[in-house]
file start_35.csv (CSV, C-alpha atoms (C1' of nucleotides))
chain,number,residue,atom,x,y,z
A,1,MET,CA,39.8,-167.3,-38.5
A,2,ALA,CA,38.9,-164.0,-37.0
A,3,TYR,CA,41.2,-162.3,-39.4
A,4,GLY,CA,38.9,-163.4,-42.2
A,5,THR,CA,36.3,-160.8,-41.2
A,6,THR,CA,39.0,-158.2,-40.6
A,7,LEU,CA,40.5,-158.7,-44.1
A,8,ALA,CA,37.0,-158.6,-45.7
A,9,ALA,CA,36.3,-155.4,-43.9
A,10,LEU,CA,39.4,-153.7,-45.2
A,11,ALA,CA,39.0,-155.0,-48.7
A,12,ASP,CA,36.3,-152.6,-49.8
A,13,PRO,CA,37.7,-149.2,-50.9
A,14,THR,CA,34.9,-147.1,-49.5
A,15,ARG,CA,35.1,-148.9,-46.2
A,16,ARG,CA,38.8,-148.5,-46.1
A,17,ALA,CA,38.3,-144.7,-46.7
A,18,VAL,CA,36.0,-144.6,-43.7
A,19,PHE,CA,38.6,-146.4,-41.6
A,20,GLU,CA,41.3,-144.0,-42.7
A,21,ARG,CA,39.2,-141.0,-41.8
A,22,LEU,CA,39.4,-142.1,-38.2
A,23,ARG,CA,43.2,-142.2,-38.3
A,24,ASP,CA,43.6,-138.7,-36.9
A,25,GLY,CA,41.0,-139.0,-34.2
A,26,PRO,CA,37.5,-140.1,-33.3
A,27,LYS,CA,34.6,-138.9,-35.5
A,28,SER,CA,30.9,-139.1,-35.6
A,29,VAL,CA,29.0,-140.8,-38.5
A,30,GLY,CA,27.9,-137.6,-40.0
A,31,GLU,CA,31.4,-136.1,-39.9
A,32,VAL,CA,32.8,-139.0,-41.8
A,33,ALA,CA,29.9,-139.1,-44.3
A,34,ARG,CA,30.4,-135.4,-45.1
A,35,THR,CA,33.9,-136.0,-46.4
A,36,LEU,CA,32.9,-139.0,-48.6
A,37,PRO,CA,30.9,-139.3,-51.8
A,38,VAL,CA,28.4,-141.8,-50.4
A,39,SER,CA,25.3,-141.4,-48.3
A,40,ARG,CA,25.2,-141.4,-44.5
A,41,PRO,CA,23.5,-144.8,-44.2
A,42,ALA,CA,26.2,-146.3,-46.3
A,43,VAL,CA,28.8,-145.0,-43.9
A,44,SER,CA,26.8,-146.4,-41.0
A,45,GLN,CA,26.8,-149.8,-42.6
A,46,HIS,CA,30.5,-149.7,-43.2
A,47,LEU,CA,31.1,-148.7,-39.6
A,48,LYS,CA,29.1,-151.6,-38.4
A,49,ALA,CA,31.2,-154.0,-40.5
A,50,LEU,CA,34.3,-152.4,-39.1
A,51,LYS,CA,33.0,-152.8,-35.6
A,52,VAL,CA,32.2,-156.5,-36.1
A,53,ALA,CA,35.7,-157.0,-37.4
A,54,GLY,CA,37.1,-155.4,-34.2
A,55,LEU,CA,38.7,-152.5,-36.1
A,56,VAL,CA,36.7,-149.7,-34.5
A,57,SER,CA,34.8,-149.0,-31.3
A,58,ASP,CA,31.9,-146.7,-30.7
A,59,ARG,CA,30.5,-144.6,-28.0
A,60,ALA,CA,27.2,-142.7,-27.6
A,61,GLU,CA,27.5,-139.0,-27.1
A,62,GLY,CA,24.1,-137.5,-26.9
A,63,THR,CA,22.2,-138.2,-30.1
A,64,ARG,CA,25.5,-138.7,-31.9
A,65,ARG,CA,27.7,-141.8,-32.1
A,66,VAL,CA,31.4,-141.4,-32.1
A,67,TYR,CA,33.7,-144.0,-33.6
A,68,ALA,CA,37.4,-144.6,-33.1
A,69,ILE,CA,40.0,-147.0,-34.3
A,70,ASP,CA,40.4,-150.1,-32.1
A,71,PRO,CA,44.1,-151.2,-32.3
A,72,GLN,CA,43.2,-154.7,-31.3
A,73,GLY,CA,41.8,-155.7,-34.7
A,74,VAL,CA,44.9,-154.2,-36.4
A,75,GLY,CA,47.1,-156.2,-34.0
A,76,GLU,CA,45.4,-159.5,-34.8
A,77,LEU,CA,45.9,-158.9,-38.5
A,78,ARG,CA,49.5,-158.0,-37.9
A,79,HIS,CA,50.0,-161.2,-36.0
A,80,TRP,CA,48.5,-163.3,-38.7
A,81,LEU,CA,50.7,-161.6,-41.3
A,82,ASP,CA,53.8,-162.5,-39.4
A,83,GLN,CA,53.3,-166.1,-40.4
A,84,PHE,CA,54.3,-165.2,-43.9
A,85,TRP,CA,57.1,-162.8,-43.0
A,86,GLY,CA,59.7,-165.3,-41.8
A,87,ASP,CA,63.2,-165.9,-43.1
A,88,ALA,CA,62.3,-169.3,-44.4
A,89,LEU,CA,59.8,-167.7,-46.8
A,90,THR,CA,62.5,-165.4,-48.2
A,91,ALA,CA,64.6,-168.5,-48.8
A,92,PHE,CA,61.7,-170.1,-50.6
A,93,LYS,CA,61.3,-167.1,-52.8
A,94,HIS,CA,64.9,-167.2,-53.8
A,95,GLU,CA,64.6,-170.9,-54.5
A,96,VAL,CA,61.8,-170.3,-56.8
A,97,GLU,CA,63.5,-167.4,-58.6
A,98,LEU,CA,66.8,-169.2,-59.1
A,99,GLY,CA,65.3,-172.5,-59.9
A,100,GLU,CA,67.7,-174.3,-57.6
A,101,PRO,CA,68.0,-174.5,-53.8
A,102,PRO,CA,70.7,-172.3,-52.4
A,103,ARG,CA,73.1,-175.2,-51.7
A,104,ARG,CA,73.5,-177.5,-54.8
A,105,ARG,CA,74.7,-181.0,-54.4
A,106,LYS,CA,75.7,-182.0,-57.9
A,107,LYS,CA,76.1,-180.5,-61.3
A,108,PRO,CA,74.8,-182.3,-64.4
B,109,MET,CA,47.1,-147.5,-52.9
B,110,ALA,CA,48.9,-150.7,-53.8
B,111,TYR,CA,47.7,-152.2,-50.6
B,112,GLY,CA,44.2,-152.1,-52.0
B,113,THR,CA,44.9,-154.9,-54.4
B,114,THR,CA,46.7,-156.8,-51.6
B,115,LEU,CA,43.8,-156.6,-49.2
B,116,ALA,CA,41.3,-157.6,-51.9
B,117,ALA,CA,43.4,-160.6,-52.7
B,118,LEU,CA,43.5,-161.8,-49.1
B,119,ALA,CA,39.8,-161.1,-48.5
B,120,ASP,CA,38.4,-164.1,-50.3
B,121,PRO,CA,38.5,-167.3,-48.2
B,122,THR,CA,39.4,-169.7,-50.9
B,123,ARG,CA,42.2,-167.5,-52.2
B,124,ARG,CA,43.4,-167.1,-48.7
B,125,ALA,CA,43.5,-170.9,-48.3
B,126,VAL,CA,45.5,-171.1,-51.5
B,127,PHE,CA,47.9,-168.6,-50.0
B,128,GLU,CA,48.2,-170.5,-46.8
B,129,ARG,CA,49.0,-173.7,-48.6
B,130,LEU,CA,52.2,-172.0,-49.8
B,131,ARG,CA,53.3,-171.2,-46.3
B,132,ASP,CA,55.3,-174.4,-45.8
B,133,GLY,CA,57.1,-174.2,-49.2
B,134,PRO,CA,56.6,-173.7,-52.9
B,135,LYS,CA,54.0,-175.8,-54.7
B,136,SER,CA,52.6,-176.3,-58.1
B,137,VAL,CA,49.1,-175.5,-59.2
B,138,GLY,CA,47.9,-179.1,-59.2
B,139,GLU,CA,49.4,-179.8,-55.8
B,140,VAL,CA,47.5,-176.9,-54.3
B,141,ALA,CA,44.3,-177.7,-56.1
B,142,ARG,CA,44.3,-181.3,-54.9
B,143,THR,CA,44.0,-180.2,-51.3
B,144,LEU,CA,41.1,-177.8,-51.9
B,145,PRO,CA,37.5,-178.4,-52.7
B,146,VAL,CA,37.6,-176.2,-55.9
B,147,SER,CA,38.7,-177.0,-59.4
B,148,ARG,CA,42.2,-176.5,-60.8
B,149,PRO,CA,41.3,-173.5,-63.0
B,150,ALA,CA,39.9,-171.8,-60.0
B,151,VAL,CA,43.2,-172.2,-58.2
B,152,SER,CA,45.0,-170.9,-61.2
B,153,GLN,CA,42.9,-167.7,-61.2
B,154,HIS,CA,43.4,-167.2,-57.5
B,155,LEU,CA,47.2,-167.6,-58.0
B,156,LYS,CA,47.0,-165.0,-60.7
B,157,ALA,CA,45.3,-162.5,-58.4
B,158,LEU,CA,47.8,-163.2,-55.7
B,159,LYS,CA,50.6,-162.6,-58.2
B,160,VAL,CA,49.2,-159.3,-59.3
B,161,ALA,CA,49.0,-158.3,-55.7
B,162,GLY,CA,52.6,-159.1,-55.2
B,163,LEU,CA,51.9,-161.8,-52.7
B,164,VAL,CA,53.4,-164.7,-54.7
B,165,SER,CA,56.0,-165.3,-57.4
B,166,ASP,CA,56.0,-168.1,-59.9
B,167,ARG,CA,58.6,-170.1,-61.9
B,168,ALA,CA,58.3,-172.5,-64.8
B,169,GLU,CA,59.6,-176.0,-64.1
B,170,GLY,CA,59.1,-178.1,-67.2
B,171,THR,CA,55.4,-178.3,-67.8
B,172,ARG,CA,54.6,-177.4,-64.2
B,173,ARG,CA,54.4,-174.0,-62.6
B,174,VAL,CA,55.7,-173.5,-59.1
B,175,TYR,CA,54.4,-170.7,-56.9
B,176,ALA,CA,55.9,-169.4,-53.7
B,177,ILE,CA,55.1,-166.7,-51.2
B,178,ASP,CA,56.6,-163.3,-52.0
B,179,PRO,CA,57.4,-161.5,-48.7
B,180,GLN,CA,57.3,-158.1,-50.5
B,181,GLY,CA,53.6,-157.9,-50.7
B,182,VAL,CA,53.2,-159.0,-47.1
B,183,GLY,CA,55.7,-156.3,-46.1
B,184,GLU,CA,53.8,-153.5,-47.8
B,185,LEU,CA,50.7,-154.5,-46.1
B,186,ARG,CA,52.4,-154.6,-42.7
B,187,HIS,CA,53.8,-151.1,-43.4
B,188,TRP,CA,50.3,-149.8,-44.2
B,189,LEU,CA,48.9,-151.4,-41.0
B,190,ASP,CA,51.5,-149.6,-38.9
B,191,GLN,CA,49.7,-146.3,-39.5
B,192,PHE,CA,46.9,-147.6,-37.3
B,193,TRP,CA,49.1,-149.1,-34.7
B,194,GLY,CA,50.5,-146.1,-32.9
B,195,ASP,CA,50.2,-144.9,-29.3
B,196,ALA,CA,48.0,-142.0,-30.2
B,197,LEU,CA,45.4,-144.4,-31.6
B,198,THR,CA,45.3,-146.3,-28.3
B,199,ALA,CA,44.8,-143.1,-26.5
B,200,PHE,CA,41.9,-142.3,-28.9
B,201,LYS,CA,40.3,-145.6,-28.1
B,202,HIS,CA,40.4,-145.0,-24.4
B,203,GLU,CA,39.0,-141.5,-25.0
B,204,VAL,CA,36.1,-143.0,-26.7
B,205,GLU,CA,35.5,-145.7,-24.1
B,206,LEU,CA,35.7,-143.5,-21.1
B,207,GLY,CA,33.8,-140.7,-22.7
B,208,GLU,CA,36.3,-138.1,-21.7
B,209,PRO,CA,39.8,-137.2,-22.7
B,210,PRO,CA,42.4,-138.4,-20.2
B,211,ARG,CA,42.9,-134.9,-18.8
B,212,ARG,CA,39.6,-133.2,-17.8
B,213,ARG,CA,39.3,-129.5,-17.5
B,214,LYS,CA,36.0,-128.9,-15.8
B,215,LYS,CA,33.2,-130.8,-14.3
B,216,PRO,CA,29.5,-129.8,-15.0
C,217,DT,C1',4.5,-131.5,-26.5
C,218,DT,C1',6.4,-130.1,-30.7
C,219,DG,C1',10.3,-129.7,-33.6
C,220,DT,C1',15.0,-130.7,-34.9
C,221,DT,C1',19.1,-133.4,-35.3
C,222,DC,C1',21.4,-137.5,-35.4
C,223,DC,C1',21.5,-142.2,-36.1
C,224,DG,C1',20.5,-147.5,-37.3
C,225,DT,C1',17.8,-150.7,-40.1
C,226,DA,C1',14.9,-152.8,-44.0
C,227,DA,C1',14.0,-153.5,-48.9
C,228,DG,C1',15.3,-153.4,-53.4
C,229,DC,C1',18.4,-152.5,-57.4
C,230,DC,C1',22.5,-153.3,-59.5
C,231,DA,C1',27.5,-154.2,-60.1
C,232,DT,C1',31.3,-157.2,-58.9
C,233,DG,C1',33.5,-161.4,-58.4
C,234,DT,C1',33.8,-166.5,-58.0
C,235,DC,C1',33.1,-171.0,-59.8
C,236,DT,C1',32.4,-174.2,-63.4
C,237,DT,C1',33.1,-176.5,-68.1
C,238,DA,C1',35.4,-176.2,-72.5
C,239,DC,C1',39.2,-175.2,-75.1
C,240,DG,C1',44.1,-174.5,-76.7
C,241,DG,C1',49.0,-174.5,-75.9
C,242,DT,C1',53.6,-176.3,-74.1
C,243,DA,C1',56.8,-179.8,-72.4
C,244,DA,C1',58.4,-184.5,-71.7
C,245,DG,C1',58.1,-189.5,-72.8
C,246,DT,C1',57.4,-193.6,-75.8
D,247,DA,C1',54.5,-188.6,-84.6
D,248,DC,C1',51.6,-189.7,-80.9
D,249,DT,C1',50.2,-189.7,-76.2
D,250,DT,C1',50.1,-188.0,-71.6
D,251,DA,C1',50.5,-184.5,-68.1
D,252,DC,C1',50.2,-179.9,-66.6
D,253,DC,C1',48.7,-175.3,-67.1
D,254,DG,C1',46.3,-170.6,-68.5
D,255,DT,C1',42.3,-168.4,-70.5
D,256,DA,C1',37.3,-167.6,-72.2
D,257,DA,C1',32.5,-167.6,-71.5
D,258,DG,C1',28.6,-168.2,-68.9
D,259,DA,C1',25.7,-169.1,-64.6
D,260,DC,C1',25.2,-167.8,-60.1
D,261,DA,C1',25.8,-165.9,-55.5
D,262,DT,C1',27.6,-162.0,-52.8
D,263,DG,C1',27.8,-157.4,-51.4
D,264,DG,C1',27.5,-152.2,-51.6
D,265,DC,C1',24.5,-148.2,-52.4
D,266,DT,C1',20.2,-145.8,-52.3
D,267,DT,C1',15.7,-144.3,-50.5
D,268,DA,C1',12.3,-144.7,-46.9
D,269,DC,C1',11.2,-145.4,-42.4
D,270,DG,C1',11.4,-145.4,-37.2
D,271,DG,C1',13.7,-144.5,-32.8
D,272,DA,C1',16.4,-141.7,-29.3
D,273,DA,C1',18.3,-137.4,-27.3
D,274,DC,C1',18.3,-132.3,-26.7
D,275,DA,C1',16.0,-127.6,-26.9
D,276,DA,C1',12.1,-124.5,-26.8
call {"tool": "encode", "arguments": {"input": "start_35.csv", "output": "structure tokens"}}
result
Amino acid sequence: MAYGTTLAALADPTRRAVFERLRDGPKSVGEVARTLPVSRPAVSQHLKALKVAGLVSDRAEGTRRVYAIDPQGVGELRHWLDQFWGDALTAFKHEVELGEPPRRRKKP
Amino acid sequence: MAYGTTLAALADPTRRAVFERLRDGPKSVGEVARTLPVSRPAVSQHLKALKVAGLVSDRAEGTRRVYAIDPQGVGELRHWLDQFWGDALTAFKHEVELGEPPRRRKKP
DNA sequence: TTGTTCCGTAAGCCATGTCTTACGGTAAGT
DNA sequence: ACTTACCGTAAGACATGGCTTACGGAACAA
């Protein structure tokens, strides 16, 4: 259930905004906080949650701390999602919408 | 930002358990509730949230109501995740871990 | 050493969301 | 008509989680 932490991390809108700020390259905490309507400690807490979830990685650069997206966490989430992406599920959906299985045996 | 609702829907553990119960085929509300440690109204509310998020679809079958996984919501989430799955991001991660860009210009 | 900049953490307030019980409504059977 | 089975919604109690301010530590410069 590692994807539980990952999904919870991406559920919050502000935290997702922090995550998306890192899409075009690594950034420090202050750089991200300046582009968001929340305080810097809030961004720091969000980055910690993203790190625990395996979505970002950090590195010390002097007194600054640079964060970047870690594709591993994204990959695990993708892999979990594929369980619900099969052809059988599409068939199930049609079965529910039509009210009958695709192949009918009798007709009342 | 349609994926916001989708991510929020999958963030809750109980709701995710409801979603996973539908992985091996459509089920009614009572059938799902019997296999979970929560009440039936709770399951009903979770299924409503999953429906709004585009993750499940429902159909009336007599007095029962059958729910099934809707691959569309899963697909949208996958598509959003692909933004953070590129090669450039992997390069960014290495840049952060190594402390230097792959190609160094000078050496102090 | 002093000062500055950058950051993480703790404590508290407050909003959000989940669960329960209670109720009403629809469909099928007797 | 009456009963049973199944479901959705409302209201309230309760826990969870995000945000802020305040504080302390680490690195670089003068």
call {"tool": "residues_around", "arguments": {"input": "start_35.csv", "residues": "range 123-129 of chain B", "least_positions_apart": "6", "cutoff": "12 Å", "atoms": "only C-alpha atoms (C1' of nucleotides)", "output": "JSON, numbers by chain"}}
result
{"A": [1, 3, 4, 7, 8, 80, 81, 83, 84, 89], "B": [114, 115, 116, 117, 135, 136, 137, 138, 139, 140, 141, 142, 143, 144, 145, 146, 147, 148, 150, 151, 152, 153, 154, 155, 156, 157, 158, 159, 161, 162, 163, 164, 165, 175, 176, 177, 178, 179, 182], "C": [234]}
call {"tool": "atom_distance", "arguments": {"input": "start_35.csv", "atom1": "CA of Arg78 in chain A", "atom2": "CA of Ala60 in chain A"}}
result
28.9 Å
call {"tool": "residues_near_point", "arguments": {"input": "start_35.csv", "point": "(20.1, -144.3, -35.9)", "cutoff": "10 Å", "atoms": "only C-alpha atoms (C1' of nucleotides)", "output": "ChimeraX atom specification"}}
result
/A:29,41,44,63-65 /C:222-225 /D:270-272
call {"tool": "interface_residues", "arguments": {"input": "start_35.csv", "of": "chain D", "to": "chain B", "cutoff": "9 Å", "atoms": "all atoms listed in the file", "output": "list in words"}}
result
DA251, DC252, DC253 and DG254 of chain D
call {"tool": "atom_distance", "arguments": {"input": "start_35.csv", "atom1": "CA of Ala2 in chain A", "atom2": "CA of Gly183 in chain B"}}
result
20.6 Å
call {"tool": "residues_near_point", "arguments": {"input": "start_35.csv", "point": "(10.6, -149.5, -44.5)", "cutoff": "8 Å", "atoms": "all atoms listed in the file", "output": "PyMOL selection string"}}
result
(chain C and resi 226-227) or (chain D and resi 268-269)
call {"tool": "atom_distance", "arguments": {"input": "start_35.csv", "atom1": "CA of Val160 in chain B", "atom2": "CA of Thr113 in chain B"}}
result
7.9 Å
call {"tool": "build_atoms", "arguments": {"input": "start_35.csv", "residues": "range 15-46 of chain A", "atoms": "N, CA and C atoms", "output": "PDB file, in the coordinates of the input"}}
result
ATOM      1  N   ARG A  15      34.950-148.555 -47.587  1.00  0.00           N
ATOM      2  CA  ARG A  15      35.100-148.900 -46.200  1.00  0.00           C
ATOM      3  C   ARG A  15      36.452-148.567 -45.643  1.00  0.00           C
ATOM      4  N   ARG A  16      37.443-148.795 -46.494  1.00  0.00           N
ATOM      5  CA  ARG A  16      38.800-148.500 -46.100  1.00  0.00           C
ATOM      6  C   ARG A  16      38.964-146.946 -45.951  1.00  0.00           C
ATOM      7  N   ALA A  17      38.286-146.199 -46.812  1.00  0.00           N
ATOM      8  CA  ALA A  17      38.300-144.700 -46.700  1.00  0.00           C
ATOM      9  C   ALA A  17      37.694-144.292 -45.386  1.00  0.00           C
ATOM     10  N   VAL A  18      36.602-144.919 -45.002  1.00  0.00           N
ATOM     11  CA  VAL A  18      36.000-144.600 -43.700  1.00  0.00           C
ATOM     12  C   VAL A  18      36.960-144.878 -42.579  1.00  0.00           C
ATOM     13  N   PHE A  19      37.620-146.007 -42.676  1.00  0.00           N
ATOM     14  CA  PHE A  19      38.600-146.400 -41.600  1.00  0.00           C
ATOM     15  C   PHE A  19      39.735-145.378 -41.556  1.00  0.00           C
ATOM     16  N   GLU A  20      40.190-144.927 -42.701  1.00  0.00           N
ATOM     17  CA  GLU A  20      41.300-144.000 -42.700  1.00  0.00           C
ATOM     18  C   GLU A  20      40.918-142.598 -42.212  1.00  0.00           C
ATOM     19  N   ARG A  21      39.642-142.261 -42.336  1.00  0.00           N
ATOM     20  CA  ARG A  21      39.200-141.000 -41.800  1.00  0.00           C
ATOM     21  C   ARG A  21      39.323-140.914 -40.292  1.00  0.00           C
ATOM     22  N   LEU A  22      39.324-142.069 -39.671  1.00  0.00           N
ATOM     23  CA  LEU A  22      39.400-142.100 -38.200  1.00  0.00           C
ATOM     24  C   LEU A  22      40.863-142.176 -37.717  1.00  0.00           C
ATOM     25  N   ARG A  23      41.790-142.066 -38.649  1.00  0.00           N
ATOM     26  CA  ARG A  23      43.200-142.200 -38.300  1.00  0.00           C
ATOM     27  C   ARG A  23      43.648-141.024 -37.410  1.00  0.00           C
ATOM     28  N   ASP A  24      43.145-139.841 -37.699  1.00  0.00           N
ATOM     29  CA  ASP A  24      43.600-138.700 -36.900  1.00  0.00           C
ATOM     30  C   ASP A  24      42.579-138.281 -35.860  1.00  0.00           C
ATOM     31  N   GLY A  25      41.859-139.264 -35.322  1.00  0.00           N
ATOM     32  CA  GLY A  25      41.000-139.000 -34.200  1.00  0.00           C
ATOM     33  C   GLY A  25      39.591-139.479 -34.368  1.00  0.00           C
ATOM     34  N   PRO A  26      38.857-139.635 -33.266  1.00  0.00           N
ATOM     35  CA  PRO A  26      37.500-140.100 -33.300  1.00  0.00           C
ATOM     36  C   PRO A  26      36.573-139.131 -34.040  1.00  0.00           C
ATOM     37  N   LYS A  27      35.571-139.682 -34.703  1.00  0.00           N
ATOM     38  CA  LYS A  27      34.600-138.900 -35.500  1.00  0.00           C
ATOM     39  C   LYS A  27      33.245-139.476 -35.385  1.00  0.00           C
ATOM     40  N   SER A  28      32.235-138.629 -35.568  1.00  0.00           N
ATOM     41  CA  SER A  28      30.900-139.100 -35.600  1.00  0.00           C
ATOM     42  C   SER A  28      30.538-139.615 -37.026  1.00  0.00           C
ATOM     43  N   VAL A  29      29.393-140.248 -37.156  1.00  0.00           N
ATOM     44  CA  VAL A  29      29.000-140.800 -38.500  1.00  0.00           C
ATOM     45  C   VAL A  29      28.835-139.697 -39.484  1.00  0.00           C
ATOM     46  N   GLY A  30      28.143-138.642 -39.078  1.00  0.00           N
ATOM     47  CA  GLY A  30      27.900-137.600 -40.000  1.00  0.00           C
ATOM     48  C   GLY A  30      29.191-136.861 -40.444  1.00  0.00           C
ATOM     49  N   GLU A  31      30.111-136.709 -39.515  1.00  0.00           N
ATOM     50  CA  GLU A  31      31.400-136.100 -39.900  1.00  0.00           C
ATOM     51  C   GLU A  31      32.131-136.864 -40.920  1.00  0.00           C
ATOM     52  N   VAL A  32      32.112-138.174 -40.781  1.00  0.00           N
ATOM     53  CA  VAL A  32      32.800-139.000 -41.800  1.00  0.00           C
ATOM     54  C   VAL A  32      32.045-138.959 -43.105  1.00  0.00           C
ATOM     55  N   ALA A  33      30.713-139.013 -43.033  1.00  0.00           N
ATOM     56  CA  ALA A  33      29.900-139.100 -44.300  1.00  0.00           C
ATOM     57  C   ALA A  33      30.088-137.801 -45.099  1.00  0.00           C
ATOM     58  N   ARG A  34      30.287-136.668 -44.424  1.00  0.00           N
ATOM     59  CA  ARG A  34      30.400-135.400 -45.100  1.00  0.00           C
ATOM     60  C   ARG A  34      31.623-135.348 -46.036  1.00  0.00           C
ATOM     61  N   THR A  35      32.645-136.083 -45.667  1.00  0.00           N
ATOM     62  CA  THR A  35      33.900-136.000 -46.400  1.00  0.00           C
ATOM     63  C   THR A  35      33.963-137.168 -47.478  1.00  0.00           C
ATOM     64  N   LEU A  36      32.859-137.880 -47.665  1.00  0.00           N
ATOM     65  CA  LEU A  36      32.900-139.000 -48.600  1.00  0.00           C
ATOM     66  C   LEU A  36      31.749-138.877 -49.615  1.00  0.00           C
ATOM     67  N   PRO A  37      31.927-139.443 -50.794  1.00  0.00           N
ATOM     68  CA  PRO A  37      30.900-139.300 -51.800  1.00  0.00           C
ATOM     69  C   PRO A  37      29.793-140.329 -51.740  1.00  0.00           C
ATOM     70  N   VAL A  38      29.542-140.862 -50.554  1.00  0.00           N
ATOM     71  CA  VAL A  38      28.400-141.800 -50.400  1.00  0.00           C
ATOM     72  C   VAL A  38      27.484-141.268 -49.317  1.00  0.00           C
ATOM     73  N   SER A  39      26.337-141.900 -49.205  1.00  0.00           N
ATOM     74  CA  SER A  39      25.300-141.400 -48.300  1.00  0.00           C
ATOM     75  C   SER A  39      25.691-141.771 -46.829  1.00  0.00           C
ATOM     76  N   ARG A  40      24.956-141.159 -45.897  1.00  0.00           N
ATOM     77  CA  ARG A  40      25.200-141.400 -44.500  1.00  0.00           C
ATOM     78  C   ARG A  40      24.885-142.841 -44.067  1.00  0.00           C
ATOM     79  N   PRO A  41      23.746-143.398 -44.502  1.00  0.00           N
ATOM     80  CA  PRO A  41      23.500-144.800 -44.200  1.00  0.00           C
ATOM     81  C   PRO A  41      24.585-145.748 -44.678  1.00  0.00           C
ATOM     82  N   ALA A  42      25.146-145.453 -45.821  1.00  0.00           N
ATOM     83  CA  ALA A  42      26.200-146.300 -46.300  1.00  0.00           C
ATOM     84  C   ALA A  42      27.411-146.277 -45.341  1.00  0.00           C
ATOM     85  N   VAL A  43      27.744-145.086 -44.852  1.00  0.00           N
ATOM     86  CA  VAL A  43      28.800-145.000 -43.900  1.00  0.00           C
ATOM     87  C   VAL A  43      28.482-145.728 -42.600  1.00  0.00           C
ATOM     88  N   SER A  44      27.214-145.651 -42.214  1.00  0.00           N
ATOM     89  CA  SER A  44      26.800-146.400 -41.000  1.00  0.00           C
ATOM     90  C   SER A  44      26.953-147.863 -41.160  1.00  0.00           C
ATOM     91  N   GLN A  45      26.591-148.370 -42.320  1.00  0.00           N
ATOM     92  CA  GLN A  45      26.800-149.800 -42.600  1.00  0.00           C
ATOM     93  C   GLN A  45      28.230-150.196 -42.585  1.00  0.00           C
ATOM     94  N   HIS A  46      29.053-149.359 -43.143  1.00  0.00           N
ATOM     95  CA  HIS A  46      30.500-149.700 -43.200  1.00  0.00           C
ATOM     96  C   HIS A  46      31.067-149.669 -41.772  1.00  0.00           C
TER      97      HIS A  46
END
